[in-house]
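Raw protein17.cif, mmCIF, C-alpha atoms:
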```cif
data_protein
loop_
_atom_site.label_atom_id
_atom_site.label_comp_id
_atom_site.auth_asym_id
_atom_site.auth_seq_id
_atom_site.Cartn_x
_atom_site.Cartn_y
_atom_site.Cartn_z
CA MET A 1037 -9.16 -15.29 -19.47
CA ILE A 1038 -12.35 -13.26 -19.59
CA PHE A 1039 -12.66 -10.45 -17.08
CA ALA A 1040 -15.86 -8.93 -15.74
CA THR A 1041 -16.68 -5.34 -16.60
CA THR A 1042 -16.40 -2.55 -14.07
CA PRO A 1043 -19.94 -1.76 -12.89
CA SER A 1044 -21.62 1.54 -13.66
CA GLN A 1045 -22.39 4.13 -10.99
CA THR A 1046 -24.55 7.22 -11.21
CA ILE A 1047 -23.10 10.34 -12.76
CA GLY A 1048 -24.43 12.20 -9.70
CA PRO A 1049 -25.50 15.84 -9.42
CA PHE A 1050 -22.08 17.47 -9.84
CA PHE A 1051 -20.79 16.16 -13.19
CA ALA A 1052 -20.91 19.69 -14.57
CA ILE A 1053 -17.51 20.40 -13.02
CA GLY A 1054 -15.90 17.69 -15.11
CA LEU A 1055 -17.77 16.66 -18.24
CA PRO A 1056 -19.40 19.48 -20.25
CA TRP A 1057 -17.23 21.88 -22.22
CA ASP A 1058 -17.95 24.86 -24.47
CA ARG A 1059 -17.90 23.04 -27.78
CA GLY A 1060 -19.35 19.85 -26.33
CA PRO A 1061 -22.81 20.34 -27.86
CA LEU A 1062 -21.33 20.87 -31.33
CA ALA A 1063 -21.11 17.60 -33.25
CA VAL A 1064 -20.10 19.82 -36.15
CA PRO A 1065 -18.79 23.42 -36.12
CA GLU A 1066 -21.68 25.76 -35.52
CA HIS A 1067 -21.74 27.56 -38.85
CA THR A 1068 -21.29 24.51 -41.05
CA ALA A 1069 -23.56 24.61 -44.09
CA GLY A 1070 -26.61 22.46 -43.45
CA ALA A 1071 -26.14 22.33 -39.70
CA ILE A 1072 -29.28 21.57 -37.72
CA ARG A 1073 -30.23 21.93 -34.09
CA ILE A 1074 -31.80 19.11 -32.15
CA ASN A 1075 -33.34 20.13 -28.89
CA GLY A 1076 -35.61 18.69 -26.27
CA THR A 1077 -36.19 18.13 -22.59
CA VAL A 1078 -35.63 15.13 -20.36
CA TYR A 1079 -38.66 14.41 -18.17
CA ASP A 1080 -38.99 12.19 -15.10
CA GLY A 1081 -41.87 9.91 -14.16
CA ALA A 1082 -43.81 12.83 -12.65
CA GLY A 1083 -43.52 14.78 -15.89
CA GLU A 1084 -41.02 17.18 -14.36
CA PRO A 1085 -37.92 18.28 -16.28
CA VAL A 1086 -34.65 16.71 -15.18
CA PRO A 1087 -32.26 19.64 -14.75
CA ASP A 1088 -29.24 17.48 -13.87
CA ALA A 1089 -29.22 15.20 -16.89
CA LEU A 1090 -26.42 14.80 -19.41
CA ILE A 1091 -27.07 13.89 -23.04
CA GLU A 1092 -24.48 12.39 -25.36
CA THR A 1093 -25.04 11.63 -29.03
CA TRP A 1094 -23.12 9.66 -31.66
CA GLN A 1095 -23.92 9.44 -35.36
CA ALA A 1096 -22.78 9.18 -38.97
CA ASP A 1097 -22.43 12.17 -41.29
CA PRO A 1098 -24.80 12.84 -44.23
CA ASP A 1099 -22.81 10.36 -46.34
CA GLY A 1100 -23.17 7.66 -43.70
CA ARG A 1101 -19.55 7.94 -42.63
CA PHE A 1102 -18.24 8.15 -39.09
CA ALA A 1103 -15.72 10.61 -37.71
CA GLU A 1104 -13.81 7.87 -35.93
CA LEU A 1105 -13.09 5.15 -38.39
CA HIS A 1106 -11.86 2.13 -36.50
CA GLY A 1107 -11.56 0.62 -39.94
CA TYR A 1108 -15.04 1.42 -41.13
CA GLY A 1109 -15.39 3.21 -44.44
CA GLY A 1110 -13.54 6.31 -45.51
CA PRO A 1111 -13.14 9.46 -43.51
CA SER A 1112 -15.95 11.94 -43.27
CA SER A 1113 -15.59 14.63 -45.91
CA PHE A 1114 -17.36 17.21 -43.74
CA GLU A 1115 -14.72 19.44 -42.21
CA GLY A 1116 -14.73 19.40 -38.45
CA PHE A 1117 -17.39 16.70 -38.24
CA ARG A 1118 -17.02 15.04 -34.82
CA GLY A 1119 -20.29 13.11 -34.82
CA PHE A 1120 -20.38 13.28 -31.05
CA ALA A 1121 -22.09 15.85 -28.89
CA ARG A 1122 -22.31 16.20 -25.13
CA CYS A 1123 -24.79 18.58 -23.58
CA ALA A 1124 -25.70 19.10 -19.94
CA ALA A 1125 -29.38 19.86 -19.46
CA ASP A 1126 -30.18 23.46 -18.65
CA VAL A 1127 -30.28 23.84 -14.88
CA ALA A 1128 -33.38 26.02 -15.11
CA ASP A 1129 -35.63 24.05 -17.43
CA GLY A 1130 -33.97 20.69 -18.20
CA SER A 1131 -33.63 21.40 -21.91
CA TYR A 1132 -30.73 20.37 -24.11
CA GLU A 1133 -29.64 21.36 -27.59
CA ILE A 1134 -27.00 19.99 -29.92
CA VAL A 1135 -25.76 21.22 -33.29
CA THR A 1136 -25.09 18.60 -35.92
CA LEU A 1137 -25.64 17.45 -39.48
CA LYS A 1138 -28.50 15.17 -40.32
CA PRO A 1139 -27.00 11.70 -40.69
CA GLY A 1140 -27.37 9.62 -43.82
CA PRO A 1141 -28.45 6.00 -43.99
CA VAL A 1142 -25.94 3.40 -42.80
CA ALA A 1143 -25.63 -0.37 -43.09
CA GLY A 1144 -27.77 -2.50 -40.81
CA PRO A 1145 -27.81 -6.18 -39.86
CA ALA A 1146 -27.66 -8.76 -42.64
CA GLY A 1147 -27.47 -6.44 -45.62
CA THR A 1148 -30.27 -4.13 -44.56
CA ILE A 1149 -30.11 -0.34 -44.60
CA GLN A 1150 -30.85 1.66 -41.49
CA ALA A 1151 -32.81 4.88 -41.60
CA PRO A 1152 -30.94 8.02 -40.52
CA HIS A 1153 -30.56 7.86 -36.75
CA ILE A 1154 -28.49 9.17 -33.84
CA ASP A 1155 -27.54 7.06 -30.81
CA VAL A 1156 -28.19 8.77 -27.49
CA SER A 1157 -26.94 8.14 -23.95
CA VAL A 1158 -28.90 9.68 -21.09
CA PHE A 1159 -27.20 10.10 -17.72
CA ALA A 1160 -28.55 11.77 -14.59
CA ARG A 1161 -28.45 11.81 -10.85
CA GLY A 1162 -30.78 9.00 -9.84
CA MET A 1163 -29.80 6.88 -12.83
CA LEU A 1164 -27.38 4.16 -11.78
CA ASN A 1165 -26.54 3.39 -15.40
CA ARG A 1166 -27.02 5.28 -18.61
CA CYS A 1167 -30.14 4.68 -20.69
CA VAL A 1168 -29.62 4.35 -24.43
CA THR A 1169 -32.12 5.49 -27.02
CA ARG A 1170 -32.11 6.57 -30.66
CA ILE A 1171 -33.29 9.66 -32.49
CA TYR A 1172 -35.01 8.97 -35.81
CA PHE A 1173 -36.37 11.71 -38.04
CA GLY A 1174 -40.02 12.54 -38.56
CA ASP A 1175 -39.48 13.62 -42.15
CA GLU A 1176 -38.14 10.21 -43.18
CA PRO A 1177 -41.33 8.13 -43.13
CA GLU A 1178 -40.27 5.73 -45.86
CA ALA A 1179 -36.81 5.08 -44.46
CA ASN A 1180 -38.25 4.71 -40.98
CA ALA A 1181 -40.83 2.19 -42.18
CA ALA A 1182 -38.02 0.08 -43.62
CA ASP A 1183 -35.61 0.42 -40.71
CA PRO A 1184 -34.87 -3.05 -39.32
CA LEU A 1185 -34.46 -1.84 -35.75
CA LEU A 1186 -37.37 0.54 -35.63
CA VAL A 1187 -39.76 -2.12 -36.87
CA SER A 1188 -38.62 -4.39 -34.03
CA VAL A 1189 -40.03 -1.87 -31.55
CA PRO A 1190 -43.69 -2.35 -30.64
CA ALA A 1191 -45.67 -0.10 -33.00
CA ALA A 1192 -47.43 1.73 -30.19
CA ARG A 1193 -44.10 2.93 -28.76
CA ARG A 1194 -42.25 3.65 -31.99
CA GLU A 1195 -43.25 7.31 -32.02
CA THR A 1196 -41.17 7.95 -28.91
CA LEU A 1197 -38.05 7.48 -31.07
CA ILE A 1198 -39.04 9.87 -33.84
CA SER A 1199 -38.02 13.50 -33.66
CA ARG A 1200 -40.39 16.21 -34.86
CA PRO A 1201 -39.19 18.58 -37.59
CA GLU A 1202 -39.27 22.25 -36.66
CA VAL A 1203 -37.63 25.39 -37.96
CA GLY A 1204 -33.88 24.89 -38.07
CA GLY A 1205 -33.91 21.34 -36.83
CA TYR A 1206 -35.82 18.80 -34.81
CA ARG A 1207 -37.33 18.34 -31.38
CA PHE A 1208 -36.73 15.17 -29.40
CA ASP A 1209 -38.00 14.92 -25.83
CA ILE A 1210 -36.97 12.06 -23.60
CA ARG A 1211 -39.37 10.62 -21.03
CA LEU A 1212 -37.59 8.41 -18.54
CA GLN A 1213 -40.76 6.90 -17.12
CA GLY A 1214 -44.53 6.85 -17.30
CA GLN A 1215 -46.91 7.76 -20.08
CA ASP A 1216 -45.17 7.81 -23.46
CA GLU A 1217 -42.01 6.49 -21.83
CA THR A 1218 -39.19 6.66 -24.36
CA VAL A 1219 -38.03 3.34 -25.75
CA PHE A 1220 -34.62 2.45 -24.34
CA PHE A 1221 -32.38 -0.23 -25.75
CA ALA A 1222 -30.22 -3.05 -24.42
CA LEU A 1223 -26.96 -3.15 -26.33
CA MET B 1038 -14.48 -1.49 -57.14
CA THR B 1039 -15.86 1.90 -58.03
CA THR B 1040 -15.73 4.89 -55.78
CA GLN B 1041 -19.47 4.71 -55.32
CA GLU B 1042 -19.26 1.13 -54.10
CA GLU B 1043 -16.53 2.06 -51.68
CA ARG B 1044 -18.79 4.68 -50.21
CA GLU B 1045 -21.50 2.18 -49.52
CA ILE B 1046 -19.52 -0.73 -48.07
CA TYR B 1047 -18.02 -0.53 -44.60
CA ASP B 1048 -15.56 -3.34 -44.08
CA PRO B 1049 -14.04 -3.50 -40.62
CA VAL B 1050 -10.33 -4.10 -40.46
CA ALA B 1051 -9.32 -7.32 -38.81
CA GLU B 1052 -8.49 -6.01 -35.35
CA THR B 1053 -11.57 -3.87 -35.00
CA PRO B 1054 -14.38 -5.68 -33.19
CA THR B 1055 -17.58 -5.93 -35.19
CA SER B 1056 -19.50 -6.69 -32.03
CA TYR B 1057 -19.05 -6.58 -28.29
CA VAL B 1058 -20.12 -9.01 -25.60
CA ARG B 1059 -23.61 -8.52 -24.36
CA GLU B 1060 -23.57 -8.15 -20.61
CA ARG B 1061 -25.63 -10.03 -18.08
CA PRO B 1062 -28.47 -7.89 -16.76
CA ASP B 1063 -26.85 -7.85 -13.31
CA ALA B 1064 -23.46 -6.62 -14.54
CA HIS B 1065 -24.54 -3.11 -13.57
CA PRO B 1066 -26.85 -1.79 -10.84
CA PRO B 1067 -30.59 -2.12 -11.41
CA VAL B 1068 -32.15 1.07 -12.76
CA ASP B 1069 -34.81 0.80 -10.06
CA TYR B 1070 -33.16 0.60 -6.65
CA ALA B 1071 -35.44 1.86 -3.87
CA PRO B 1072 -32.73 2.56 -1.25
CA TYR B 1073 -31.36 5.23 -3.63
CA LYS B 1074 -34.46 7.38 -3.63
CA ALA B 1075 -33.73 9.47 -6.70
CA THR B 1076 -34.09 6.35 -8.87
CA ALA B 1077 -37.85 6.26 -8.16
CA LEU B 1078 -38.95 8.67 -10.89
CA ARG B 1079 -35.89 8.30 -13.08
CA HIS B 1080 -35.97 4.70 -14.21
CA PRO B 1081 -37.82 3.25 -17.20
CA LYS B 1082 -40.56 0.83 -16.26
CA GLN B 1083 -40.66 -0.83 -19.66
CA PRO B 1084 -37.99 -3.46 -20.31
CA PRO B 1085 -35.26 -2.36 -22.70
CA VAL B 1086 -35.65 -3.37 -26.33
CA TYR B 1087 -32.91 -5.57 -27.77
CA LEU B 1088 -30.70 -3.58 -30.12
CA PRO B 1089 -28.42 -5.46 -32.48
CA GLN B 1090 -24.99 -3.84 -32.50
CA THR B 1091 -24.68 -2.03 -35.82
CA ILE B 1092 -21.95 0.22 -37.12
CA THR B 1093 -23.33 3.09 -35.04
CA GLU B 1094 -22.84 1.12 -31.83
CA VAL B 1095 -19.41 -0.39 -32.57
CA THR B 1096 -17.85 2.93 -33.50
CA GLY B 1097 -17.45 5.81 -31.08
CA PRO B 1098 -15.87 9.17 -30.39
CA GLN B 1099 -12.22 9.73 -29.49
CA LEU B 1100 -12.10 13.12 -27.85
CA ALA B 1101 -8.50 12.97 -26.73
CA GLY B 1102 -7.27 15.63 -29.13
CA GLU B 1103 -9.98 18.09 -28.23
CA ARG B 1104 -10.26 17.55 -24.49
CA ILE B 1105 -6.60 17.53 -23.49
CA ALA B 1106 -4.91 20.93 -23.25
CA GLY B 1107 -1.71 19.89 -21.50
CA GLU B 1108 -0.10 17.88 -18.73
CA LEU B 1109 -1.76 19.94 -16.01
CA ASP B 1110 -5.04 18.39 -17.05
CA SER B 1111 -4.04 15.24 -15.19
CA ASP B 1112 -2.53 16.98 -12.16
CA LEU B 1113 -5.35 18.42 -10.09
CA THR B 1114 -2.89 19.75 -7.53
CA ARG B 1115 -1.22 22.17 -9.97
CA GLN B 1116 -4.17 23.84 -11.67
CA HIS B 1117 -3.99 26.97 -9.51
CA ASP B 1118 -1.32 29.26 -8.11
CA GLY B 1119 -1.33 27.63 -4.70
CA THR B 1120 -1.33 24.09 -3.39
CA PRO B 1121 -4.67 22.52 -2.47
CA ILE B 1122 -5.22 21.36 1.08
CA GLY B 1123 -5.43 17.64 1.76
CA GLU B 1124 -3.74 14.33 1.26
CA ARG B 1125 -1.90 14.32 -2.07
CA ILE B 1126 -2.38 11.04 -3.94
CA VAL B 1127 -1.54 9.46 -7.25
CA VAL B 1128 -4.47 7.57 -8.78
CA SER B 1129 -3.41 5.39 -11.66
CA GLY B 1130 -4.37 2.19 -13.36
CA ARG B 1131 -5.00 0.56 -16.69
CA VAL B 1132 -8.03 0.39 -18.93
CA PHE B 1133 -8.68 -3.04 -20.41
CA ASP B 1134 -11.39 -4.77 -22.32
CA THR B 1135 -12.87 -7.95 -20.89
CA GLU B 1136 -10.37 -10.04 -22.83
CA GLY B 1137 -7.58 -8.27 -20.96
CA LYS B 1138 -6.45 -6.24 -23.93
CA PRO B 1139 -5.30 -2.73 -22.96
CA LEU B 1140 -7.21 0.19 -24.45
CA ARG B 1141 -4.65 2.69 -25.62
CA SER B 1142 -5.24 6.36 -26.44
CA THR B 1143 -8.63 6.46 -24.79
CA LEU B 1144 -9.88 9.47 -22.84
CA VAL B 1145 -10.35 9.22 -19.08
CA GLU B 1146 -12.19 12.07 -17.36
CA ILE B 1147 -12.55 12.47 -13.58
CA TRP B 1148 -14.26 14.83 -11.17
CA GLN B 1149 -14.43 14.86 -7.39
CA ALA B 1150 -15.01 16.74 -4.15
CA ASN B 1151 -12.13 18.45 -2.35
CA ALA B 1152 -10.50 17.19 0.85
CA ALA B 1153 -13.41 18.55 2.89
CA GLY B 1154 -15.99 16.75 0.78
CA ARG B 1155 -17.16 19.83 -1.12
CA TYR B 1156 -17.63 20.05 -4.88
CA ARG B 1157 -16.96 23.25 -6.75
CA HIS B 1158 -20.53 23.24 -8.01
CA ARG B 1159 -23.25 25.77 -7.32
CA SER B 1160 -25.72 23.10 -6.27
CA ASP B 1161 -23.46 21.68 -3.58
CA ARG B 1162 -24.84 23.13 -0.33
CA TRP B 1163 -22.68 21.14 2.10
CA PRO B 1164 -21.16 23.93 4.24
CA ALA B 1165 -17.59 22.66 4.07
CA GLU B 1166 -14.96 25.03 2.73
CA LEU B 1167 -14.25 25.41 -0.93
CA ASP B 1168 -10.54 25.28 -1.67
CA PRO B 1169 -9.45 28.16 -3.94
CA ASN B 1170 -6.61 25.95 -5.19
CA PHE B 1171 -8.70 22.97 -6.18
CA SER B 1172 -11.18 22.66 -9.06
CA GLY B 1173 -11.64 18.91 -8.84
CA ALA B 1174 -11.66 17.93 -12.52
CA GLY B 1175 -9.03 16.14 -14.58
CA ARG B 1176 -8.48 14.44 -17.91
CA CYS B 1177 -5.88 12.20 -19.42
CA VAL B 1178 -5.38 9.75 -22.24
CA THR B 1179 -4.19 6.18 -21.75
CA ASP B 1180 -0.75 5.26 -23.04
CA ARG B 1181 0.15 2.26 -25.20
CA ASP B 1182 -0.33 -0.06 -22.23
CA GLY B 1183 -3.75 1.37 -21.43
CA ARG B 1184 -2.31 3.20 -18.42
CA TYR B 1185 -3.63 6.48 -17.04
CA SER B 1186 -2.38 8.49 -14.08
CA PHE B 1187 -3.74 11.43 -12.10
CA THR B 1188 -2.24 13.40 -9.25
CA THR B 1189 -4.93 14.76 -6.98
CA ILE B 1190 -6.15 15.24 -3.42
CA LYS B 1191 -7.97 12.48 -1.59
CA PRO B 1192 -11.62 13.57 -1.60
CA GLY B 1193 -13.52 13.74 1.66
CA PRO B 1194 -16.82 11.98 2.44
CA TYR B 1195 -19.87 14.19 2.63
CA PRO B 1196 -23.48 14.05 3.78
CA TRP B 1197 -26.40 13.96 1.37
CA GLY B 1198 -30.15 13.99 1.66
CA ASN B 1199 -31.06 10.47 0.62
CA HIS B 1200 -32.05 9.34 4.13
CA HIS B 1201 -31.38 10.29 7.74
CA ASN B 1202 -27.64 10.65 8.38
CA ALA B 1203 -26.65 9.60 4.86
CA TRP B 1204 -22.98 9.98 3.94
CA ARG B 1205 -21.26 9.21 0.68
CA PRO B 1206 -18.02 7.29 1.03
CA ALA B 1207 -15.07 9.17 -0.45
CA HIS B 1208 -15.06 8.62 -4.21
CA ILE B 1209 -13.79 9.90 -7.53
CA HIS B 1210 -16.10 9.94 -10.55
CA PHE B 1211 -14.68 8.34 -13.69
CA SER B 1212 -15.90 8.71 -17.28
CA LEU B 1213 -14.61 6.46 -20.06
CA LEU B 1214 -15.37 6.52 -23.75
CA GLY B 1215 -13.60 3.34 -24.82
CA ARG B 1216 -13.51 2.79 -28.57
CA ALA B 1217 -17.15 2.16 -29.22
CA PHE B 1218 -20.50 3.57 -28.21
CA VAL B 1219 -21.27 0.24 -26.50
CA GLN B 1220 -18.21 0.61 -24.24
CA ARG B 1221 -19.22 3.94 -22.71
CA LEU B 1222 -18.95 3.82 -18.93
CA VAL B 1223 -19.44 6.28 -16.09
CA THR B 1224 -18.56 4.96 -12.66
CA GLN B 1225 -17.10 5.87 -9.28
CA MET B 1226 -13.84 4.77 -7.69
CA TYR B 1227 -13.75 4.19 -3.94
CA PHE B 1228 -10.94 3.83 -1.41
CA PRO B 1229 -10.15 0.59 0.42
CA GLY B 1230 -11.64 -0.05 3.85
CA ASP B 1231 -14.12 2.81 3.87
CA PRO B 1232 -16.45 2.32 6.87
CA LEU B 1233 -19.29 3.99 4.94
CA PHE B 1234 -19.57 1.25 2.28
CA GLU B 1235 -22.24 -0.72 4.10
CA TYR B 1236 -24.44 2.34 4.55
CA ASP B 1237 -24.19 3.76 1.03
CA PRO B 1238 -27.05 2.81 -1.31
CA ILE B 1239 -25.13 3.91 -4.40
CA PHE B 1240 -22.21 1.59 -3.68
CA GLN B 1241 -24.62 -1.13 -2.53
CA SER B 1242 -26.72 -0.79 -5.66
CA VAL B 1243 -24.17 -3.12 -7.26
CA ARG B 1244 -25.74 -6.27 -5.92
CA ASP B 1245 -22.90 -8.71 -6.59
CA PRO B 1246 -20.26 -8.38 -3.83
CA ALA B 1247 -17.49 -9.37 -6.25
CA ALA B 1248 -18.59 -6.64 -8.63
CA ARG B 1249 -18.59 -4.08 -5.80
CA GLU B 1250 -14.97 -4.99 -5.11
CA ARG B 1251 -14.15 -3.90 -8.65
CA LEU B 1252 -15.12 -0.34 -7.69
CA ILE B 1253 -12.56 -0.18 -4.88
CA SER B 1254 -9.04 1.00 -5.60
CA ARG B 1255 -6.00 -0.70 -4.07
CA PHE B 1256 -3.40 1.06 -2.01
CA SER B 1257 -0.14 0.77 -3.92
CA ILE B 1258 3.14 1.27 -2.10
CA HIS B 1259 4.81 0.71 -5.47
CA ASP B 1260 3.26 3.83 -6.98
CA THR B 1261 3.80 6.12 -4.01
CA VAL B 1262 6.21 9.00 -4.48
CA PRO B 1263 8.55 9.23 -1.44
CA ASN B 1264 8.11 12.41 0.56
CA TRP B 1265 5.37 13.49 -1.82
CA ALA B 1266 2.28 11.38 -2.43
CA LEU B 1267 0.51 8.16 -1.49
CA ALA B 1268 -0.93 6.10 -4.30
CA TYR B 1269 -3.98 4.10 -5.27
CA GLU B 1270 -4.43 1.81 -8.23
CA PHE B 1271 -7.72 1.38 -10.06
CA ASP B 1272 -8.04 -0.80 -13.16
CA ILE B 1273 -11.12 -0.47 -15.33
CA TYR B 1274 -12.63 -3.13 -17.58
CA LEU B 1275 -14.85 -2.22 -20.52
CA ARG B 1276 -16.77 -4.64 -22.69
CA GLY B 1277 -14.64 -6.65 -25.08
CA PRO B 1278 -15.27 -8.29 -28.45
CA GLY B 1279 -18.21 -10.64 -28.76
CA GLN B 1280 -19.28 -13.17 -31.35
CA THR B 1281 -22.15 -13.61 -33.77
CA PRO B 1282 -23.32 -10.05 -33.67
CA PHE B 1283 -26.74 -10.47 -35.08
CA GLU B 1284 -27.71 -14.00 -34.11
CA GLU B 1285 -28.01 -13.93 -30.36
CA GLU B 1286 -31.28 -14.64 -28.70
CA HIS B 1287 -33.45 -11.67 -28.00
#
```
Mind turning this structure into structure tokens?
Amino acid sequence: MIFATTPSQTIGPFFAIGLPWDRGPLAVPEHTAGAIRINGTVYDGAGEPVPDALIETWQADPDGRFAELHGYGGPSSFEGFRGFARCAADVADGSYEIVTLKPGPVAGPAGTIQAPHIDVSVFARGMLNRCVTRIYFGDEPEANAADPLLVSVPAARRETLISRPEVGGYRFDIRLQGQDETVFFAL
Amino acid sequence: MTTQEEREIYDPVAETPTSYVRERPDAHPPVDYAPYKATALRHPKQPPVYLPQTITEVTGPQLAGERIAGELDSDLTRQHDGTPIGERIVVSGRVFDTEGKPLRSTLVEIWQANAAGRYRHRSDRWPAELDPNFSGAGRCVTDRDGRYSFTTIKPGPYPWGNHHNAWRPAHIHFSLLGRAFVQRLVTQMYFPGDPLFEYDPIFQSVRDPAARERLISRFSIHDTVPNWALAYEFDIYLRGPGQTPFEEEH
């Protein structure tokens, strides 16, 4: 028998009492060699920051290995690598920041190789379901050009998925609606 | 096989799904649902782009070890020196995938208002009393049968600013990680027979009446604790294994 899934409901405005925790934004311990910061802001359709958003990220380590194996590959050799970060947007300005390692390339469909990327879930009051996007890296132009998923995105919108290198890490803003609306994916 | 080759090849073990069912577009509420006014500026207007499920999507975090400090995490009535005010209840159930297979060792996180309908959150301006003995957040990990259990206080309904005389039905927020990024789910559990259902745009945003029913817990005399607590049962279904991961129509 096949059952139907439980429907999604909004995370609402008060998730901060239950979901974020101190080390949540740290996909890797803070002082790990090579750690980077990825920060940005979630914007609504009026261009205003969304102060009650929650960002979650999931990714491979620099070797392309995942912290939770489920049978895939060997264990990550980076001590304390969780590969997952959860960050509530700042209540004042809607910004988020995670600490992580830049992921390596991983296998893609049908023998292809995917460019380094991070999966992202965006939740907020006013969003009845999460929206899923991906962070690619602006200093990986060759890998990005060959990425089988990125090339399936209309060229004019591809830039919304590419983070901008800056000192100590990358910047990745998320626009839920309107001009330069971020590309979101159906899984 | 050399070590280098092992590093580059990721072979799933037999019982690990390599793909998950793709859901019908109406399995979840529409992102744009006018009666819930906050959706207006917070929904994408472009259709989502089809993403084949790759290794990044079929793996996922297991936070159980990091997020669980002890048994009090799942008993919201014993997190302070005193006893919270309200109707003590046990909320339990099982987490399954859509093939009916239990998900063991998966993290379940909840948060909720107190008996008066007030959240311990600085943005909650509803002038009901905060309860010094109730924080309103809990965590637990499912057992080998996919079962979770919380002891808590039945949350109260509360007004909100969506429209004139808007009230949220009593609910508990649930967050589930499942095993894979694709299984991630945040939802709300409601209580049977709530007269506010028909007026609540968040509950009604699930357009399929049968799907709405899946958000409503069942009263369970079996799980009640005599002279102590009433009980509600709430089973949760996450996406299960699918076929032909990369060959479905776009």
Subject >> chain A residues near chain B (6 Å cut-off, all atoms listed in the file) as a PyMOL selection string >> reply: chain A and resi 1038-1039+1041-1045+1054+1080-1081+1107-1109+1144+1162-1164+1212-1213+1220-1223
Original post:
Closest to Lys1191 (chain B) among B:Pro1139, B:Gly1130, B:Pro1229, B:Gly1123, using only C-alpha atoms?
Top reply: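 Selected residue with least distance to Lys1191 (chain B): B:Gly1123.
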**OP:** May I have the residues at most 10 Å from (-39.1, 5.9, -39.2) in the file's coordinates, counting all atoms listed in the file, as a list in words?
**Re:**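 Applying the cut-off with all atoms listed in the file, one gets Gln1150, Ala1151, Pro1152, His1153, Ile1171, Tyr1172, Phe1173, Gly1174, Asp1175, Glu1176, Pro1177, Glu1178, Ala1179, Asn1180, Ala1181, Ala1182, Asp1183, Pro1184, Leu1185, Leu1186, Val1187, Arg1194, Glu1195, Leu1197, Ile1198 and Ser1199 of chain A.
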**OP:** Identify all residues satisfying the PyMOL selection byres ((chain A and resi 1091) around 8) in the given file; provide them as JSON, numbers by chain.
**Re:** {"A": [1089, 1090, 1092, 1093, 1121, 1122, 1123, 1124, 1125, 1132, 1156, 1157, 1158, 1159]}
**OP:** State, in Å with one decimal place, the distance from CA of Arg1059 (chain A) to CA of Arg1118 (chain A).
**Re:** 10.7 Å
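Counting only C-alpha atoms and comparing A:Arg1101, A:Lys1138, A:Arg1200, A:Arg1170, the residue that lies closest to Gly1070 (chain A) is A:Lys1138.
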**OP:** Take the PyMOL selection byres ((chain A and resi 1204-1210) around 7), apply it to the structure above, and return the hits as a PyMOL selection string.
**Re:** chain A and resi 1072-1079+1199-1203+1211-1212+1218
Subject >> Target residues per the PyMOL selection byres ((chain B and resi 1196) around 10), formatted as a PyMOL selection string >> reply: chain B and resi 1154-1155+1163+1194-1195+1197-1206
Subject >> Interatomic distance (Å, one decimal) between CA of Val1178 (chain B) and CA of Gly1215 (chain B) >> reply: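 These atoms are spaced 10.7 Å apart.
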Subject >> Between CA of Ile1154 (chain A) and CA of Gln1095 (chain A) - distance in Å to one decimal >> reply: 4.8 Å
